[in-house]
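These notes are about the structure you will find just below.
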Amino acid sequence: MAFMGLIGDDRKNDEAPGVRAAVGVFALAGAIAMLVVAVGGTFALRETGRQEAVRDAERLAGVLARTAIGPAIEPAVLQGDAAALARLDTVVRERVLDESIARVKIWTGDGRVIYSDERRLIGSQFGLGAAEEKSLQNGVADARPTDLSKPENQFEADEEGVVEVYVPAAAPDGTPLLIEAYVRESAVAASGARIVRSFAPPLLLALAGLWLVQLP
């Protein structure tokens, strides 16, 4: 019996390294799988963060259009009255333009710029693109990266990148207008990064907990 006990003990000793190796391989495979999921989740989270940041830019432009720019559009602005434009310009510079908002333009439906903080653009006519016309017709804000090579953006050459946000509005006499705000890409990126930082830790903790639960 003692002899049989020794054989049993030898078998256990022989099996122990194999079991430990199998556990190690399982743990390593699980860690690699969790790493792959974490990397993929981070990229997805970044994209989600950017999309939400762009929506934040739309909401910001909408609030500014309703509370600051819109109420300052006097009937005389449409006729190019210098005094009315000066009052509107004061509102835009004091309440709208900052490190996030680089430029403001107000368009008529036929693509004429009736106001811009870049005075050289006032009175110019460039026409509206399909997206801008759709926004004007549907009454829904629209945001997209700005093509700085377009003639209407000739004075934005020094900007590294901006997201243009169009917000439908109306003059006091009911004339449809489109308020355009240029949100700096750096502001959008910073907003997206804040969103990622707020959601990344819970995601990583959840993945780590899942990996620990799966360990033998």
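FYI, nothing fancy with the structure tokens labels: chains A, B, ... in order, residues from 1 per chain, ligands from 1 as they appear.
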Contacts between segment 147-156 of chain A and segment 91-110 of chain A, please, where a residue of segment 91-110 of chain A counts if it comes within 12 Å (with only C-alpha atoms); show its shortest atom pair and distance in Å to one decimal, rows by chain and ascending number, as CSV.
```
residue,atom,partner,partner_atom,distance
A:Ala102,CA,A:Glu156,CA,8.8
A:Arg103,CA,A:Glu156,CA,8.6
A:Val104,CA,A:Asn153,CA,11.5
A:Lys105,CA,A:Glu152,CA,10.1
A:Trp107,CA,A:Glu152,CA,11.5
```
*Counting only C-alpha atoms, what is within 12 Å of Gly129 of chain A, bar same-chain residues fewer than 2 positions away, as a list in words?*
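In the requested format, the answer is Trp107, Gly109, Asp110, Gly111, Phe126, Gly127, Ala131, Glu132, Glu133, Lys134, Ser135, Leu136, Asp147, Lys150, Glu152 and Tyr166 of chain A.
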*Give me every strand (DSSP E or B) residue in segment 32-152 of chain A, going by DSSP on the backbone, as a ChimeraX atom specification.*
/A:101-108,112-116,125,142-145
Keeping C-alpha atoms for every residue in the selection just given, could you write it to a file as a CSV table (one decimal), in the first residue's frame?
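Below is the file result09.csv, written as the result:
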```
chain,number,residue,atom,x,y,z
A,101,ILE,CA,-15.2,79.8,-32.4
A,102,ALA,CA,-12.9,81.1,-35.1
A,103,ARG,CA,-15.4,82.7,-37.5
A,104,VAL,CA,-19.1,83.6,-37.9
A,105,LYS,CA,-21.0,84.2,-41.2
A,106,ILE,CA,-24.6,84.8,-41.9
A,107,TRP,CA,-25.9,83.7,-45.3
A,108,THR,CA,-29.1,84.3,-47.2
A,112,ARG,CA,-24.9,85.9,-50.1
A,113,VAL,CA,-22.9,86.8,-47.0
A,114,ILE,CA,-24.8,89.5,-45.2
A,115,TYR,CA,-22.5,89.5,-42.2
A,116,SER,CA,-19.2,88.1,-41.2
A,125,GLN,CA,-21.9,85.8,-53.0
A,142,ASP,CA,-25.3,70.4,-39.8
A,143,ALA,CA,-21.6,70.1,-39.0
A,144,ARG,CA,-18.7,69.0,-41.3
A,145,PRO,CA,-15.0,69.6,-41.7
```
*With only C-alpha atoms as the atoms that count, which of A:Ser186, A:Thr175, A:Gln137, A:Arg95 lies nearest to Ala61 of chain A?*
A:Arg95
